[in-house]
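Here's final.txt, which has compact mmCIF, C-alpha atoms:
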# COMPACT_ATOMS: atom_id res chain seq x y z
CA MET F 1 -10.59 -66.08 9.05
CA ALA F 2 -14.11 -65.15 8.02
CA THR F 3 -14.09 -67.48 5.01
CA ASP F 4 -17.81 -68.22 5.49
CA MET F 5 -18.64 -64.60 4.66
CA THR F 6 -19.01 -62.92 1.27
CA LEU F 7 -19.44 -59.23 0.59
CA MET F 8 -20.32 -57.73 -2.78
CA TRP F 9 -19.62 -54.01 -2.72
CA PHE F 10 -18.96 -50.74 -4.51
CA SER F 11 -15.88 -48.71 -3.70
CA GLY F 12 -16.79 -45.46 -1.94
CA SER F 13 -20.43 -46.33 -1.27
CA PRO F 14 -21.22 -45.30 2.33
CA PRO F 15 -23.57 -48.28 2.90
CA CYS F 16 -20.92 -50.76 1.68
CA TRP F 17 -18.20 -49.04 3.65
CA ARG F 18 -20.21 -49.38 6.86
CA VAL F 19 -20.23 -53.14 6.57
CA MET F 20 -16.49 -53.23 5.86
CA ILE F 21 -15.75 -51.10 8.94
CA ALA F 22 -17.97 -53.34 11.08
CA LEU F 23 -16.17 -56.45 9.78
CA GLU F 24 -12.78 -54.92 10.64
CA GLU F 25 -13.92 -53.82 14.10
CA LYS F 26 -15.20 -57.32 14.85
CA ASN F 27 -11.88 -58.84 13.69
CA LEU F 28 -13.58 -60.57 10.78
CA GLN F 29 -10.85 -60.26 8.21
CA GLY F 30 -10.32 -62.58 5.27
CA TYR F 31 -13.91 -62.64 4.05
CA ASN F 32 -14.60 -63.23 0.38
CA GLN F 33 -15.23 -60.04 -1.47
CA LYS F 34 -16.29 -58.99 -4.88
CA LEU F 35 -15.87 -55.38 -5.94
CA LEU F 36 -18.52 -54.43 -8.50
CA ASP F 37 -18.79 -51.47 -10.86
CA PHE F 38 -21.84 -49.23 -10.43
CA LEU F 39 -21.35 -47.50 -13.77
CA LYS F 40 -21.42 -50.85 -15.56
CA GLY F 41 -24.64 -51.73 -13.73
CA GLU F 42 -23.09 -54.81 -12.19
CA HIS F 43 -25.42 -54.55 -9.19
CA LYS F 44 -28.23 -55.62 -11.51
CA SER F 45 -26.45 -58.86 -12.46
CA GLN F 46 -28.03 -62.24 -11.73
CA GLU F 47 -25.32 -62.93 -9.18
CA VAL F 48 -26.46 -59.97 -7.09
CA LEU F 49 -30.17 -60.49 -7.74
CA ASP F 50 -29.86 -64.05 -6.42
CA ILE F 51 -28.90 -62.64 -3.03
CA ASN F 52 -30.62 -59.28 -3.18
CA PRO F 53 -33.83 -58.96 -5.21
CA ARG F 54 -33.50 -55.18 -4.87
CA GLY F 55 -30.36 -55.27 -7.01
CA GLN F 56 -28.46 -53.08 -4.57
CA LEU F 57 -25.17 -53.27 -2.74
CA PRO F 58 -23.96 -54.18 -0.24
CA ALA F 59 -25.05 -57.79 -0.67
CA PHE F 60 -23.68 -59.84 2.20
CA LYS F 61 -23.80 -63.49 3.16
CA HIS F 62 -22.69 -65.26 6.30
CA GLY F 63 -23.07 -68.95 5.52
CA ASN F 64 -26.63 -69.09 4.24
CA ASN F 65 -27.72 -66.00 6.10
CA ILE F 66 -28.31 -63.03 3.86
CA LEU F 67 -28.05 -59.41 5.01
CA ASN F 68 -28.28 -56.81 2.30
CA GLU F 69 -29.28 -53.73 4.22
CA SER F 70 -26.09 -52.20 5.63
CA TYR F 71 -27.63 -51.51 9.04
CA ALA F 72 -28.93 -55.07 9.23
CA ALA F 73 -25.50 -56.52 8.44
CA CYS F 74 -23.76 -54.30 11.00
CA LEU F 75 -26.20 -55.07 13.82
CA TYR F 76 -26.16 -58.78 13.00
CA LEU F 77 -22.35 -58.87 13.10
CA GLU F 78 -22.33 -57.12 16.47
CA GLU F 79 -24.91 -59.51 17.88
CA GLN F 80 -23.28 -62.67 16.50
CA PHE F 81 -19.74 -61.68 17.49
CA LYS F 82 -20.51 -59.66 20.58
CA SER F 83 -17.41 -60.50 22.56
CA GLN F 84 -15.06 -60.38 19.56
CA GLY F 85 -13.23 -57.21 18.62
CA THR F 86 -14.75 -53.83 19.49
CA ARG F 87 -17.99 -53.81 21.47
CA LEU F 88 -20.13 -51.60 19.19
CA ILE F 89 -23.36 -51.36 21.20
CA PRO F 90 -22.51 -50.27 24.74
CA MET F 91 -24.19 -52.20 27.54
CA ALA F 92 -24.84 -49.32 29.94
CA ALA F 93 -28.26 -47.81 29.25
CA PRO F 94 -27.26 -44.12 28.82
CA GLU F 95 -24.46 -44.89 26.34
CA GLN F 96 -26.59 -47.50 24.61
CA ALA F 97 -29.49 -45.07 24.20
CA LEU F 98 -27.25 -42.38 22.70
CA THR F 99 -25.61 -44.91 20.40
CA TYR F 100 -28.92 -46.18 19.03
CA GLN F 101 -30.24 -42.64 18.72
CA ARG F 102 -27.25 -41.48 16.65
CA VAL F 103 -27.18 -44.70 14.60
CA PHE F 104 -30.71 -44.02 13.41
CA GLU F 105 -30.24 -40.31 12.90
CA GLY F 106 -27.75 -41.56 10.34
CA VAL F 107 -30.70 -42.51 8.11
CA PRO F 108 -32.04 -38.98 7.49
CA PHE F 109 -28.44 -37.72 7.36
CA MET F 110 -27.60 -40.04 4.45
CA ASP F 111 -30.92 -39.24 2.74
CA LYS F 112 -30.20 -35.54 2.86
CA ILE F 113 -26.69 -36.01 1.52
CA ALA F 114 -28.05 -38.10 -1.36
CA ASN F 115 -30.73 -35.53 -2.18
CA VAL F 116 -28.00 -32.97 -2.89
CA ILE F 117 -25.12 -35.05 -4.26
CA TYR F 118 -27.31 -37.29 -6.41
CA TYR F 119 -29.84 -34.61 -7.28
CA GLU F 120 -29.46 -35.12 -11.04
CA LEU F 121 -29.57 -38.89 -10.63
CA LYS F 122 -32.69 -38.83 -8.46
CA PHE F 123 -34.66 -36.28 -10.42
CA PRO F 124 -34.99 -36.56 -14.23
CA GLU F 125 -34.23 -33.43 -16.21
CA GLY F 126 -37.77 -32.12 -16.66
CA GLU F 127 -38.50 -32.49 -12.96
CA ARG F 128 -35.66 -30.42 -11.55
CA HIS F 129 -36.32 -27.04 -9.96
CA ASP F 130 -33.97 -24.49 -8.46
CA SER F 131 -36.43 -24.23 -5.58
CA SER F 132 -36.23 -27.93 -4.77
CA LEU F 133 -32.44 -28.12 -4.96
CA LYS F 134 -32.32 -25.05 -2.73
CA ARG F 135 -34.63 -26.78 -0.23
CA HIS F 136 -32.51 -29.94 -0.26
CA ARG F 137 -29.35 -27.90 0.29
CA GLU F 138 -30.98 -26.08 3.22
CA ALA F 139 -32.11 -29.38 4.73
CA LEU F 140 -28.56 -30.75 4.46
CA THR F 141 -27.13 -27.59 6.02
CA ALA F 142 -29.51 -27.91 8.97
CA GLU F 143 -28.60 -31.58 9.32
CA LEU F 144 -24.85 -30.87 9.26
CA LYS F 145 -25.33 -28.19 11.92
CA LEU F 146 -27.08 -30.72 14.15
CA TRP F 147 -24.14 -33.13 13.95
CA GLU F 148 -21.65 -30.29 14.37
CA GLY F 149 -23.53 -29.35 17.55
CA TYR F 150 -23.61 -32.92 18.85
CA LEU F 151 -19.82 -33.17 18.53
CA GLU F 152 -19.25 -29.75 20.06
CA LYS F 153 -21.37 -30.70 23.06
CA LEU F 154 -19.39 -33.92 23.60
CA GLY F 155 -16.07 -32.06 23.48
CA ALA F 156 -12.67 -32.62 21.90
CA GLY F 157 -11.64 -36.15 20.98
CA SER F 158 -15.16 -37.56 21.23
CA TYR F 159 -16.82 -40.12 19.03
CA LEU F 160 -20.42 -39.68 17.94
CA ALA F 161 -21.91 -41.28 21.05
CA GLY F 162 -19.31 -40.29 23.62
CA LYS F 163 -15.83 -41.27 24.65
CA SER F 164 -15.85 -44.66 22.90
CA PHE F 165 -16.08 -45.73 19.29
CA THR F 166 -19.51 -47.33 18.74
CA MET F 167 -21.91 -48.49 16.06
CA ALA F 168 -22.85 -44.82 15.59
CA ASP F 169 -19.37 -44.23 14.17
CA VAL F 170 -19.52 -47.36 12.03
CA VAL F 171 -22.66 -46.24 10.25
CA VAL F 172 -22.30 -42.44 10.26
CA PHE F 173 -18.57 -41.94 9.64
CA PRO F 174 -18.85 -42.90 5.94
CA CYS F 175 -21.45 -40.14 5.56
CA ILE F 176 -19.10 -37.62 7.12
CA ALA F 177 -16.17 -38.75 4.97
CA TYR F 178 -18.50 -38.39 2.00
CA VAL F 179 -19.44 -34.77 2.68
CA PHE F 180 -15.80 -33.75 3.02
CA ARG F 181 -14.95 -35.61 -0.18
CA PHE F 182 -17.58 -33.47 -1.90
CA GLY F 183 -16.00 -30.29 -0.67
CA LEU F 184 -17.59 -29.45 2.68
CA SER F 185 -15.67 -26.64 4.35
CA GLU F 186 -13.52 -27.80 7.27
CA LYS F 187 -13.47 -24.19 8.44
CA LYS F 188 -17.24 -23.89 8.63
CA TYR F 189 -17.65 -27.25 10.36
CA PRO F 190 -14.60 -27.50 12.65
CA TRP F 191 -16.07 -30.18 14.95
CA LEU F 192 -16.99 -32.42 12.06
CA ALA F 193 -13.54 -31.80 10.56
CA ALA F 194 -11.79 -32.76 13.81
CA TYR F 195 -13.90 -35.90 14.07
CA TYR F 196 -13.10 -36.75 10.46
CA GLY F 197 -9.39 -36.31 11.20
CA LEU F 198 -9.63 -38.57 14.26
CA LEU F 199 -11.49 -41.37 12.51
CA LYS F 200 -9.36 -41.27 9.37
CA GLU F 201 -6.48 -42.69 11.37
CA ARG F 202 -8.45 -45.56 12.90
CA PRO F 203 -7.17 -48.91 11.60
CA SER F 204 -10.62 -50.24 10.60
CA VAL F 205 -11.27 -47.08 8.61
CA LYS F 206 -7.79 -46.85 7.10
CA THR F 207 -7.79 -50.47 5.94
CA SER F 208 -11.20 -50.13 4.31
CA TRP F 209 -10.63 -46.67 2.81
CA PRO F 210 -12.10 -46.65 -0.73
CA LYS F 211 -9.32 -47.37 -3.21
CA ASN F 212 -10.68 -44.94 -5.80
CA TRP F 213 -10.65 -42.17 -3.19
CA LEU F 214 -6.91 -42.62 -2.77
CA GLU F 215 -6.47 -41.99 -6.48
CA THR F 216 -8.85 -39.02 -6.62
CA PRO F 217 -9.16 -37.68 -3.08
CA GLN F 218 -11.62 -34.93 -3.99
CA ALA F 219 -14.85 -35.28 -5.92
CA GLU F 220 -16.76 -32.44 -7.54
CA GLY F 221 -17.17 -29.65 -4.94
CA LYS F 222 -20.94 -29.93 -4.72
CA LEU F 223 -20.95 -29.15 -1.01
CA LYS F 224 -18.36 -26.40 -0.89
CA ASP F 225 -20.92 -23.66 -0.24
CA ILE F 226 -23.10 -25.64 2.15
CA MET A 1 -45.41 -50.08 35.60
CA ALA A 2 -43.20 -48.18 33.21
CA THR A 3 -43.65 -44.87 35.04
CA ASP A 4 -40.08 -43.83 34.22
CA MET A 5 -40.97 -43.69 30.53
CA THR A 6 -42.64 -40.92 28.54
CA LEU A 7 -43.84 -41.08 24.96
CA MET A 8 -45.02 -38.10 22.92
CA TRP A 9 -46.87 -39.33 19.87
CA PHE A 10 -49.30 -38.75 17.01
CA SER A 11 -52.26 -41.04 16.53
CA GLY A 12 -51.87 -43.13 13.37
CA SER A 13 -48.23 -42.28 12.71
CA PRO A 14 -46.42 -45.51 11.78
CA PRO A 15 -43.18 -44.48 13.54
CA CYS A 16 -45.05 -43.67 16.77
CA TRP A 17 -47.13 -46.82 16.53
CA ARG A 18 -43.98 -48.96 16.29
CA VAL A 19 -42.78 -47.74 19.67
CA MET A 20 -46.20 -48.38 21.23
CA ILE A 21 -46.28 -51.94 19.90
CA ALA A 22 -42.74 -52.55 21.20
CA LEU A 23 -43.73 -51.22 24.64
CA GLU A 24 -46.75 -53.55 24.74
CA GLU A 25 -44.72 -56.56 23.59
CA LYS A 26 -42.12 -55.91 26.29
CA ASN A 27 -44.88 -55.63 28.94
CA LEU A 28 -44.05 -51.99 29.52
CA GLN A 29 -47.53 -50.69 30.16
CA GLY A 30 -48.40 -47.64 32.22
CA TYR A 31 -45.88 -45.28 30.66
CA ASN A 32 -46.61 -41.57 30.57
CA GLN A 33 -47.95 -40.46 27.27
CA LYS A 34 -48.84 -37.27 25.55
CA LEU A 35 -50.89 -37.35 22.38
CA LEU A 36 -50.05 -34.37 20.17
CA ASP A 37 -51.84 -32.90 17.17
CA PHE A 38 -49.86 -32.79 13.92
CA LEU A 39 -52.26 -30.37 12.25
CA LYS A 40 -51.80 -27.89 15.09
CA GLY A 41 -48.00 -28.21 14.70
CA GLU A 42 -47.63 -29.35 18.30
CA HIS A 43 -44.49 -31.33 17.36
CA LYS A 44 -42.73 -27.99 16.94
CA SER A 45 -43.51 -26.95 20.54
CA GLN A 46 -40.71 -26.21 22.99
CA GLU A 47 -41.69 -29.28 24.99
CA VAL A 48 -40.87 -31.52 22.02
CA LEU A 49 -37.84 -29.53 20.88
CA ASP A 50 -36.34 -29.93 24.37
CA ILE A 51 -36.23 -33.69 23.79
CA ASN A 52 -35.97 -33.80 20.01
CA PRO A 53 -34.24 -30.92 18.20
CA ARG A 54 -35.68 -32.29 14.95
CA GLY A 55 -39.19 -31.42 16.15
CA GLN A 56 -40.54 -34.82 15.17
CA LEU A 57 -42.46 -37.57 16.88
CA PRO A 58 -42.12 -40.03 18.45
CA ALA A 59 -40.15 -38.36 21.20
CA PHE A 60 -39.39 -40.91 23.88
CA LYS A 61 -37.63 -40.82 27.24
CA HIS A 62 -36.64 -43.62 29.58
CA GLY A 63 -35.38 -41.86 32.68
CA ASN A 64 -32.87 -39.43 31.22
CA ASN A 65 -32.23 -41.52 28.14
CA ILE A 66 -33.70 -40.02 25.00
CA LEU A 67 -34.69 -42.07 21.95
CA ASN A 68 -36.52 -40.17 19.24
CA GLU A 69 -35.95 -42.33 16.21
CA SER A 70 -38.57 -45.09 16.29
CA TYR A 71 -36.10 -47.82 15.33
CA ALA A 72 -33.69 -46.65 18.02
CA ALA A 73 -36.40 -46.76 20.69
CA CYS A 74 -37.58 -50.23 19.64
CA LEU A 75 -34.08 -51.76 19.59
CA TYR A 76 -33.18 -50.10 22.88
CA LEU A 77 -36.31 -51.48 24.56
CA GLU A 78 -35.53 -54.98 23.29
CA GLU A 79 -31.95 -54.77 24.49
CA GLN A 80 -32.80 -53.29 27.90
CA PHE A 81 -35.70 -55.66 28.58
CA LYS A 82 -34.45 -58.70 26.70
CA SER A 83 -35.96 -61.34 28.94
CA GLN A 84 -39.22 -59.46 29.54
CA GLY A 85 -42.26 -60.06 27.34
CA THR A 86 -41.78 -61.15 23.74
CA ARG A 87 -38.24 -61.83 22.55
CA LEU A 88 -38.15 -59.58 19.47
CA ILE A 89 -34.67 -60.34 18.08
CA PRO A 90 -34.31 -64.12 17.77
CA MET A 91 -31.06 -65.59 19.08
CA ALA A 92 -30.50 -68.25 16.40
CA ALA A 93 -28.43 -66.81 13.55
CA PRO A 94 -30.72 -67.69 10.60
CA GLU A 95 -33.84 -66.22 12.22
CA GLN A 96 -31.88 -63.28 13.54
CA ALA A 97 -30.46 -62.52 10.11
CA LEU A 98 -33.88 -62.59 8.47
CA THR A 99 -35.34 -60.44 11.24
CA TYR A 100 -32.69 -57.73 10.88
CA GLN A 101 -32.93 -57.90 7.10
CA ARG A 102 -36.70 -57.34 7.11
CA VAL A 103 -36.51 -54.71 9.87
CA PHE A 104 -34.27 -52.58 7.67
CA GLU A 105 -36.16 -53.21 4.48
CA GLY A 106 -38.89 -51.44 6.40
CA VAL A 107 -37.01 -48.17 5.84
CA PRO A 108 -37.35 -48.02 2.02
CA PHE A 109 -40.87 -49.45 2.37
CA MET A 110 -41.99 -46.54 4.54
CA ASP A 111 -40.19 -44.04 2.30
CA LYS A 112 -42.02 -45.31 -0.76
CA ILE A 113 -45.37 -45.21 1.01
CA ALA A 114 -44.69 -41.62 2.08
CA ASN A 115 -43.68 -40.58 -1.45
CA VAL A 116 -47.14 -41.52 -2.69
CA ILE A 117 -49.42 -40.76 0.26
CA TYR A 118 -47.72 -37.50 1.19
CA TYR A 119 -46.86 -36.50 -2.37
CA GLU A 120 -48.57 -33.12 -2.09
CA LEU A 121 -47.01 -32.50 1.31
CA LYS A 122 -43.50 -33.40 0.17
CA PHE A 123 -43.52 -31.57 -3.14
CA PRO A 124 -44.73 -27.94 -3.38
CA GLU A 125 -47.28 -27.19 -6.08
CA GLY A 126 -44.96 -25.91 -8.79
CA GLU A 127 -42.65 -28.90 -8.41
CA ARG A 128 -45.17 -31.67 -8.99
CA HIS A 129 -45.11 -33.73 -12.16
CA ASP A 130 -47.36 -36.53 -13.36
CA SER A 131 -44.18 -38.36 -14.35
CA SER A 132 -42.74 -38.24 -10.85
CA LEU A 133 -45.95 -39.31 -9.12
CA LYS A 134 -46.17 -42.17 -11.63
CA ARG A 135 -42.60 -43.19 -10.82
CA HIS A 136 -43.30 -43.10 -7.07
CA ARG A 137 -46.42 -45.20 -7.56
CA GLU A 138 -44.47 -47.75 -9.60
CA ALA A 139 -41.75 -47.91 -6.94
CA LEU A 140 -44.38 -48.53 -4.27
CA THR A 141 -46.02 -51.23 -6.38
CA ALA A 142 -42.68 -53.02 -6.82
CA GLU A 143 -42.05 -52.71 -3.08
CA LEU A 144 -45.46 -54.14 -2.18
CA LYS A 145 -44.87 -57.05 -4.54
CA LEU A 146 -41.61 -57.83 -2.78
CA TRP A 147 -43.34 -58.06 0.61
CA GLU A 148 -46.24 -60.01 -0.89
CA GLY A 149 -43.65 -62.47 -2.24
CA TYR A 150 -41.82 -62.72 1.08
CA LEU A 151 -45.05 -63.68 2.84
CA GLU A 152 -46.08 -66.12 0.13
CA LYS A 153 -42.72 -67.88 0.38
CA LEU A 154 -43.04 -68.24 4.16
CA GLY A 155 -46.53 -69.73 3.85
CA ALA A 156 -49.86 -69.33 5.62
CA GLY A 157 -49.88 -67.99 9.16
CA SER A 158 -46.34 -66.64 9.01
CA TYR A 159 -44.98 -63.46 10.44
CA LEU A 160 -42.54 -61.32 8.44
CA ALA A 161 -39.44 -63.23 9.54
CA GLY A 162 -40.91 -66.70 9.95
CA LYS A 163 -43.08 -68.59 12.40
CA SER A 164 -42.62 -66.16 15.30
CA PHE A 165 -43.54 -62.54 15.85
CA THR A 166 -40.34 -60.44 15.80
CA MET A 167 -39.02 -56.91 15.61
CA ALA A 168 -39.71 -57.07 11.87
CA ASP A 169 -43.43 -57.14 12.66
CA VAL A 170 -43.11 -54.37 15.24
CA VAL A 171 -41.59 -51.95 12.74
CA VAL A 172 -43.21 -53.02 9.46
CA PHE A 173 -46.77 -53.88 10.51
CA PRO A 174 -47.74 -50.19 10.92
CA CYS A 175 -46.67 -49.64 7.30
CA ILE A 176 -48.87 -52.50 6.14
CA ALA A 177 -51.83 -51.28 8.19
CA TYR A 178 -51.24 -47.87 6.63
CA VAL A 179 -51.40 -49.07 3.02
CA PHE A 180 -54.69 -50.89 3.64
CA ARG A 181 -56.09 -47.83 5.39
CA PHE A 182 -55.33 -45.89 2.21
CA GLY A 183 -57.25 -48.34 0.09
CA LEU A 184 -54.79 -51.04 -1.03
CA SER A 185 -56.69 -53.92 -2.62
CA GLU A 186 -56.88 -57.02 -0.41
CA LYS A 187 -57.70 -59.00 -3.57
CA LYS A 188 -54.53 -57.94 -5.38
CA TYR A 189 -52.32 -58.52 -2.35
CA PRO A 190 -53.85 -61.58 -0.64
CA TRP A 191 -50.73 -62.48 1.39
CA LEU A 192 -50.37 -58.98 2.75
CA ALA A 193 -54.11 -58.98 3.49
CA ALA A 194 -53.91 -62.29 5.37
CA TYR A 195 -50.94 -61.01 7.38
CA TYR A 196 -52.82 -57.82 8.15
CA GLY A 197 -55.79 -59.88 9.36
CA LEU A 198 -53.55 -61.99 11.59
CA LEU A 199 -51.75 -59.08 13.19
CA LYS A 200 -54.87 -56.98 13.70
CA GLU A 201 -55.96 -59.42 16.38
CA ARG A 202 -52.68 -59.44 18.27
CA PRO A 203 -53.14 -57.86 21.73
CA SER A 204 -50.20 -55.43 21.41
CA VAL A 205 -51.57 -54.19 18.09
CA LYS A 206 -55.20 -54.08 19.19
CA THR A 207 -54.44 -52.14 22.38
CA SER A 208 -52.36 -49.57 20.50
CA TRP A 209 -54.67 -49.26 17.46
CA PRO A 210 -54.91 -45.56 16.50
CA LYS A 211 -58.04 -44.09 18.09
CA ASN A 212 -58.80 -41.89 15.09
CA TRP A 213 -58.70 -44.95 12.82
CA LEU A 214 -61.51 -46.51 14.84
CA GLU A 215 -63.65 -43.45 14.13
CA THR A 216 -62.74 -43.25 10.42
CA PRO A 217 -61.45 -46.69 9.39
CA GLN A 218 -60.71 -45.69 5.80
CA ALA A 219 -58.67 -42.74 4.60
CA GLU A 220 -58.72 -41.34 1.09
CA GLY A 221 -58.27 -44.23 -1.36
CA LYS A 222 -54.90 -43.06 -2.67
CA LEU A 223 -53.62 -46.60 -3.03
CA LYS A 224 -56.69 -48.29 -4.44
CA ASP A 225 -55.22 -48.68 -7.92
CA ILE A 226 -51.70 -49.60 -6.81

Kindly transcribe the structure held in the file into structure tokens.
Amino acid sequence: MATDMTLMWFSGSPPCWRVMIALEEKNLQGYNQKLLDFLKGEHKSQEVLDINPRGQLPAFKHGNNILNESYAACLYLEEQFKSQGTRLIPMAAPEQALTYQRVFEGVPFMDKIANVIYYELKFPEGERHDSSLKRHREALTAELKLWEGYLEKLGAGSYLAGKSFTMADVVVFPCIAYVFRFGLSEKKYPWLAAYYGLLKERPSVKTSWPKNWLETPQAEGKLKDI
Amino acid sequence: MATDMTLMWFSGSPPCWRVMIALEEKNLQGYNQKLLDFLKGEHKSQEVLDINPRGQLPAFKHGNNILNESYAACLYLEEQFKSQGTRLIPMAAPEQALTYQRVFEGVPFMDKIANVIYYELKFPEGERHDSSLKRHREALTAELKLWEGYLEKLGAGSYLAGKSFTMADVVVFPCIAYVFRFGLSEKKYPWLAAYYGLLKERPSVKTSWPKNWLETPQAEGKLKDI
């Protein structure tokens, strides 16, 4: 039981979800957790600021070791519990290279999703332009096509870095679940849709599925025409 | 001699510089390299696109293994050549946690630098607002203060994750060099300035110092009032 670990998180936040999937994959169940409310601004509470001066979630502690960036927490957990649960960074150089490559392509992927989905949140009213939203939507479309192509090239039943589930899936799957939640067309992106269907059934993903998504499976269809 | 490695890079690009520092620290000299010209758009050439469909640099190959995201290349090199050269990810959990944490705080740090320095490049003319540039400058100021505080807390002569040089320095130092190049005040940020002075003399950093920075040590003073 991972009783020496504490995670503060938001339900449905891709960065928080990553850490929860990594914990499940490494068989680190039973950690302390505190679900906070973004709309109430609970991530700016003193309790969070004491761990994370950025006032962001996830905020994660293992004993006295603090890891607030989701990628940092995931890589730390893999390194500290290498032989426990799923091996997330393959040892063989070709698979390892592809895993790291896709893990870090997850950064611009998430950025581009946020630029469209959180457009109103990121840009105050007087600073919004049809031209900029259009550009962000085009950038996200190009990004989604890249990932669609990666999966197509790997073939049916593949994970993001090949035949095995890896850290690339831990960090990028929540992004892919997010785009479908916001209405991305399964018809237009069949490889992403098949991957989404495969991962949805994985125990680590199922167990950590955002509770509020079960209640309202679809969000506003911001990506339906992407 | 790392003759089975090829790096395509821009001079003075923090992401490219990271990979060069990592290669030096891991004693991987003698790799093939190709310096490209951003202003001539050489990163959109077929040669780059064949390795990196994003048309961005760095583009890096080790044998047939492709790593185009700078963080991916650095972590792969550490993992593949763990016992060679400098150990960049400490083994002890507390140091390892802090290293990963700072490594990934490097991502928002670089983003915030880019939002100010490349403001005109990122936002077309009709979409620029004094209010948004002001907000980006404030975000960068807050970010710089965080790093200044981290260094102050660690004390004189420290690296970003403690008493030893780590991956945190590999990926974040180029950002810090960048802000001083663009005129950041050494007086206002004495801990960052001391760190900059310390790292500047490190062989891996000195050897890989951007050639065009030697010719023109200071860029436009965009950050002088930050």

- Message: Taking (-12.6, -45.4, -3.8) in the coordinates of the supplied file, I want to know which residues reach to within 6 Å of it, counting only C-alpha atoms; could you give the answer as number ranges by chain?
- Response: F: 11-12, 210-213

Residues of chain F within 8 Å of chain A, counting only C-alpha atoms, what are they? List them as a PDB file with C-alpha atoms, keeping the file's coordinate frame.
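And here's out24.pdb as it stands now:
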ATOM      1  CA  ASN F  64     -26.630 -69.090   4.240  1.00  0.00           C
ATOM      2  CA  ASN F  65     -27.720 -66.000   6.100  1.00  0.00           C
ATOM      3  CA  ILE F  66     -28.310 -63.030   3.860  1.00  0.00           C
ATOM      4  CA  LEU F  67     -28.050 -59.410   5.010  1.00  0.00           C
ATOM      5  CA  ASN F  68     -28.280 -56.810   2.300  1.00  0.00           C
ATOM      6  CA  GLU F  69     -29.280 -53.730   4.220  1.00  0.00           C
ATOM      7  CA  TYR F  71     -27.630 -51.510   9.040  1.00  0.00           C
ATOM      8  CA  ALA F  72     -28.930 -55.070   9.230  1.00  0.00           C
ATOM      9  CA  ALA F  73     -25.500 -56.520   8.440  1.00  0.00           C
ATOM     10  CA  LEU F  75     -26.200 -55.070  13.820  1.00  0.00           C
ATOM     11  CA  TYR F  76     -26.160 -58.780  13.000  1.00  0.00           C
ATOM     12  CA  GLN F  80     -23.280 -62.670  16.500  1.00  0.00           C
ATOM     13  CA  ALA F  93     -28.260 -47.810  29.250  1.00  0.00           C
ATOM     14  CA  PRO F  94     -27.260 -44.120  28.820  1.00  0.00           C
ATOM     15  CA  GLN F  96     -26.590 -47.500  24.610  1.00  0.00           C
ATOM     16  CA  ALA F  97     -29.490 -45.070  24.200  1.00  0.00           C
ATOM     17  CA  LEU F  98     -27.250 -42.380  22.700  1.00  0.00           C
ATOM     18  CA  TYR F 100     -28.920 -46.180  19.030  1.00  0.00           C
ATOM     19  CA  GLN F 101     -30.240 -42.640  18.720  1.00  0.00           C
ATOM     20  CA  VAL F 103     -27.180 -44.700  14.600  1.00  0.00           C
ATOM     21  CA  PHE F 104     -30.710 -44.020  13.410  1.00  0.00           C
ATOM     22  CA  GLU F 105     -30.240 -40.310  12.900  1.00  0.00           C
ATOM     23  CA  GLU F 127     -38.500 -32.490 -12.960  1.00  0.00           C
ATOM     24  CA  ARG F 128     -35.660 -30.420 -11.550  1.00  0.00           C
ATOM     25  CA  HIS F 129     -36.320 -27.040  -9.960  1.00  0.00           C
ATOM     26  CA  SER F 132     -36.230 -27.930  -4.770  1.00  0.00           C
TER      27      SER F 132
END

- Pairwise distance for CA of Pro14 (chain F) and CA of Tyr178 (chain F), rounded to one decimal in Å: 7.4 Å

- Item | Residues within 9 Å of Ala177 (chain F), all atoms listed in the file, excluding chain neighbours under 4 positions, as JSON, numbers by chain | {"F": [14, 172, 173, 181, 182, 196, 200]}

Mind dumping the selected residues with C-alpha atoms as a short mmCIF file (atom, residue, chain, number, x, y, z; two decimals), in the coordinates of the input?
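Final file, selection.cif:
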data_model
loop_
_atom_site.label_atom_id
_atom_site.label_comp_id
_atom_site.auth_asym_id
_atom_site.auth_seq_id
_atom_site.Cartn_x
_atom_site.Cartn_y
_atom_site.Cartn_z
CA PRO F 14 -21.22 -45.30 2.33
CA VAL F 172 -22.30 -42.44 10.26
CA PHE F 173 -18.57 -41.94 9.64
CA ARG F 181 -14.95 -35.61 -0.18
CA PHE F 182 -17.58 -33.47 -1.90
CA TYR F 196 -13.10 -36.75 10.46
CA LYS F 200 -9.36 -41.27 9.37
#

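Across the structure, CA of Lys122 (chain F) and CA of Arg135 (chain A) are spaced 11.1 Å apart.
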
- Message: One decimal, in Å: what's the spacing between CA of Ser164 (chain F) and CA of Cys16 (chain F)?
- Response: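 Separating CA of Ser164 (chain F) from CA of Cys16 (chain F) is a distance of 22.7 Å.
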
- Task: Could you give me, as an NGL selection string, the residues that have an atom at most 10 Å away from the point (-21.8, -34.4, 19.2) in the coordinates of the file, using only C-alpha atoms?
- Result: :F and (102 or 146-156 or 158-162 or 191-192 or 195)

- Message: Just checking: using only C-alpha atoms, which residue out of F:Asp4, F:Thr216, F:Ile21, F:Val116 ends up closest to Pro174 (chain F)?
- Response: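 Nearest to Pro174 (chain F): F:Ile21.
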
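The nearest approach to Gly197 (chain F) among the residues F:Leu28, F:Ile176, F:Leu144, F:Ile117, with only C-alpha atoms taken into account, belongs to F:Ile176.
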